[in-house]
Amino acid sequence: MKAMNYLKKSNKKKEIERLNDLDGATWLQWSKSIWRFKKPVINNYGHPAIFPTFVAERLVRIFTKEGDLVLDPMVGVGTTSVASKSLNRKSIGIDLSPKYCKIAKSRLAQQRLTEMSNAVKAEELGQQKKVVSNHEIICDDARNILLHVAPDSVDFCLTSPPYWIGLHGINGRYTGQTQKEVKVYSHDKRDYGNIEDYEKFVEGLKNLFIDIYSVLKNGKYCVVIIQDSRRKSKVYPLHIDFHLAMTSIGYDYQDLIVWEHPTYTTRPLGYPTTFVVSRVHDFIMIFRKPKFQE
């Protein structure tokens, strides 16, 4: 009798908690360390540094399943929220700018109209699908995140903070990029993109991600899109300093993906006396909150 019970237990398949709903072929393709997209950004909605919806959608699909809660504490014009909504995830987006929050809400509302139209078509075809409708855009300083998000409630954090004051330059003079005009997120002193001291900027990000650590569930991922910054002749390795800040908090560093921008323009910066790299990529840095054993 005991032997039979043992056999039943040993033959019982252990349930595997899937990270996502990807098939093996897609998993393999998306796990490559360099991402290249031929798709252009069609509309930046007046934001100086938007990241494309198709990038956000891929990351949300990798690190979540339907119904999960996605957080972006610097949501800008709502790209992460729009991607989450289109993939039937819940979302919370926080941004300091009333202007950008208004645009984000408008984009979500427009998507809602599209979903209603699709639902009518599905019903006509005899199809039914539960749609997640819990999406919040909160106009506030990201430093107040604990006022809006409950501890251990978030399944995935995806965000792209300012690359320090990298936008504050003309024609690549400070950034190593080719810019035709000065671009800023806002003129608000609380804006991370307006912190002039580099060490204070990194420390500010660290304090924010301490709070994000507390709202993230155990074992869940935090993905941050970031880029190094150039000011005059000095390069600031932001992705390295950010890595050090995150691991000091307690995040496990998983790896990074180099996202190449085929539409970035370049020119021979520093020619002919100083070789200056024209950056055509961002770093997609992957961190995870440890899955503690109970």
# chains A, B, ... in the order shown; residues from 1 in each chain; ligands from 1
call {"tool": "residues_around", "arguments": {"residues": "Lys38 (chain A)", "least_positions_apart": "2", "cutoff": "12 Å", "atoms": "only C-alpha atoms", "output": "ChimeraX atom specification"}}
result
/A:35-36,40-42,52,54-55,259-264
call {"tool": "residues_around", "arguments": {"residues": "region 144-160 of chain A", "least_positions_apart": "3", "cutoff": "7 Å", "atoms": "only C-alpha atoms", "output": "list of chain:residue names"}}
result
A:Phe63, A:Thr64, A:Asp68, A:Leu69, A:Val70, A:Leu71, A:Asp72, A:Pro73, A:Met74, A:Val75, A:Asp141, A:Asp211, A:Ser214, A:Val215, A:Leu216, A:Lys217, A:Lys220, A:Tyr221, A:Cys222, A:Val223, A:Val224, A:Ile225, A:Ile226
call {"tool": "write_last_selection", "arguments": {"atoms": "N, CA and C atoms", "output": "CSV table (one decimal), in the first residue's frame"}}
result
chain,number,residue,atom,x,y,z
A,63,PHE,N,7.8,39.3,-19.7
A,63,PHE,CA,7.9,39.2,-18.3
A,63,PHE,C,6.5,39.1,-17.5
A,64,THR,N,5.4,39.0,-18.3
A,64,THR,CA,4.1,38.9,-17.6
A,64,THR,C,3.2,37.9,-18.3
A,68,ASP,N,-1.8,40.3,-15.2
A,68,ASP,CA,-0.7,40.8,-14.3
A,68,ASP,C,-0.7,42.3,-14.2
A,69,LEU,N,-0.2,42.9,-13.2
A,69,LEU,CA,-0.1,44.3,-13.0
A,69,LEU,C,1.3,44.8,-13.3
A,70,VAL,N,1.3,45.8,-14.3
A,70,VAL,CA,2.5,46.4,-14.8
A,70,VAL,C,2.6,47.9,-14.3
A,71,LEU,N,3.8,48.2,-13.8
A,71,LEU,CA,4.0,49.6,-13.2
A,71,LEU,C,5.1,50.3,-14.1
A,72,ASP,N,4.8,51.6,-14.4
A,72,ASP,CA,5.8,52.4,-14.9
A,72,ASP,C,5.8,53.7,-14.1
A,73,PRO,N,6.8,54.0,-13.3
A,73,PRO,CA,6.8,55.2,-12.4
A,73,PRO,C,7.2,56.5,-13.1
A,74,MET,N,7.6,56.3,-14.4
A,74,MET,CA,7.9,57.5,-15.2
A,74,MET,C,7.3,57.3,-16.6
A,75,VAL,N,6.0,57.2,-16.6
A,75,VAL,CA,5.2,56.7,-17.7
A,75,VAL,C,5.2,57.6,-18.9
A,141,ASP,N,4.7,63.1,-8.5
A,141,ASP,CA,6.1,62.9,-8.4
A,141,ASP,C,6.3,61.4,-8.2
A,211,ASP,N,11.9,52.2,-3.3
A,211,ASP,CA,10.5,52.1,-3.2
A,211,ASP,C,9.9,51.1,-4.1
A,214,SER,N,10.0,47.6,-2.9
A,214,SER,CA,9.0,47.3,-1.9
A,214,SER,C,7.6,47.0,-2.5
A,215,VAL,N,7.3,47.6,-3.6
A,215,VAL,CA,6.0,47.3,-4.2
A,215,VAL,C,6.0,46.1,-5.2
A,216,LEU,N,7.2,45.7,-5.6
A,216,LEU,CA,7.4,44.6,-6.5
A,216,LEU,C,7.2,43.2,-5.7
A,217,LYS,N,6.5,42.3,-6.3
A,217,LYS,CA,6.4,41.0,-5.7
A,217,LYS,C,7.7,40.2,-5.7
A,220,LYS,N,9.7,38.8,-9.0
A,220,LYS,CA,9.3,39.5,-10.2
A,220,LYS,C,10.4,40.4,-10.8
A,221,TYR,N,10.2,40.8,-12.0
A,221,TYR,CA,11.3,41.5,-12.7
A,221,TYR,C,11.0,43.0,-12.8
A,222,CYS,N,12.2,43.7,-12.9
A,222,CYS,CA,12.2,45.2,-13.1
A,222,CYS,C,13.1,45.4,-14.3
A,223,VAL,N,12.6,46.0,-15.4
A,223,VAL,CA,13.4,46.3,-16.5
A,223,VAL,C,13.5,47.8,-16.7
A,224,VAL,N,14.7,48.3,-16.9
A,224,VAL,CA,15.0,49.7,-17.0
A,224,VAL,C,15.8,50.0,-18.3
A,225,ILE,N,15.2,50.9,-19.2
A,225,ILE,CA,15.9,51.2,-20.4
A,225,ILE,C,16.7,52.5,-20.1
A,226,ILE,N,18.0,52.4,-20.4
A,226,ILE,CA,18.8,53.5,-20.0
A,226,ILE,C,20.0,53.7,-21.0
call {"tool": "residues_around", "arguments": {"residues": "Ala56 (chain A)", "least_positions_apart": "2", "cutoff": "8 Å", "atoms": "only C-alpha atoms", "output": "NGL selection string"}}
result
:A and (51-54 or 58-60 or 79-80 or 83 or 158)
call {"tool": "residues_around", "arguments": {"residues": "Ser248 (chain A)", "least_positions_apart": "6", "cutoff": "10 Å", "atoms": "only C-alpha atoms", "output": "number ranges by chain"}}
result
A: 206, 210, 242
call {"tool": "residues_around", "arguments": {"residues": "Ile62 (chain A)", "least_positions_apart": "5", "cutoff": "9 Å", "atoms": "only C-alpha atoms", "output": "VMD selection string"}}
result
chain A and resid 19 to 22 27 30 57
call {"tool": "closest_residue", "arguments": {"among": "A:Tyr253, A:Tyr192, A:Tyr163, A:Tyr213", "to": "Tyr236 (chain A)", "atoms": "only C-alpha atoms"}}
result
A:Tyr163
call {"tool": "atom_distance", "arguments": {"atom1": "CA of Asp228 (chain A)", "atom2": "CA of Ser81 (chain A)"}}
result
25.4 Å
call {"tool": "closest_residue", "arguments": {"among": "A:Lys200, A:His281, A:Lys289, A:His135", "to": "Ala109 (chain A)", "atoms": "only C-alpha atoms"}}
result
A:His135
call {"tool": "select_by_dssp", "arguments": {"residues": "region 21-74 of chain A", "states": "alpha helix (DSSP H)", "output": "VMD selection string"}}
result
chain A and resid 24 to 30 53 to 63
call {"tool": "atom_distance", "arguments": {"atom1": "CA of Asp95 (chain A)", "atom2": "CA of Arg230 (chain A)"}}
result
25.4 Å
call {"tool": "atom_distance", "arguments": {"atom1": "CA of Thr274 (chain A)", "atom2": "CA of Lys234 (chain A)"}}
result
12.2 Å
call {"tool": "select_by_dssp", "arguments": {"residues": "region 178-221 of chain A", "states": "strand (DSSP E or B)", "output": "list in words"}}
result
Leu216, Lys217, Asn218, Gly219, Lys220 and Tyr221 of chain A
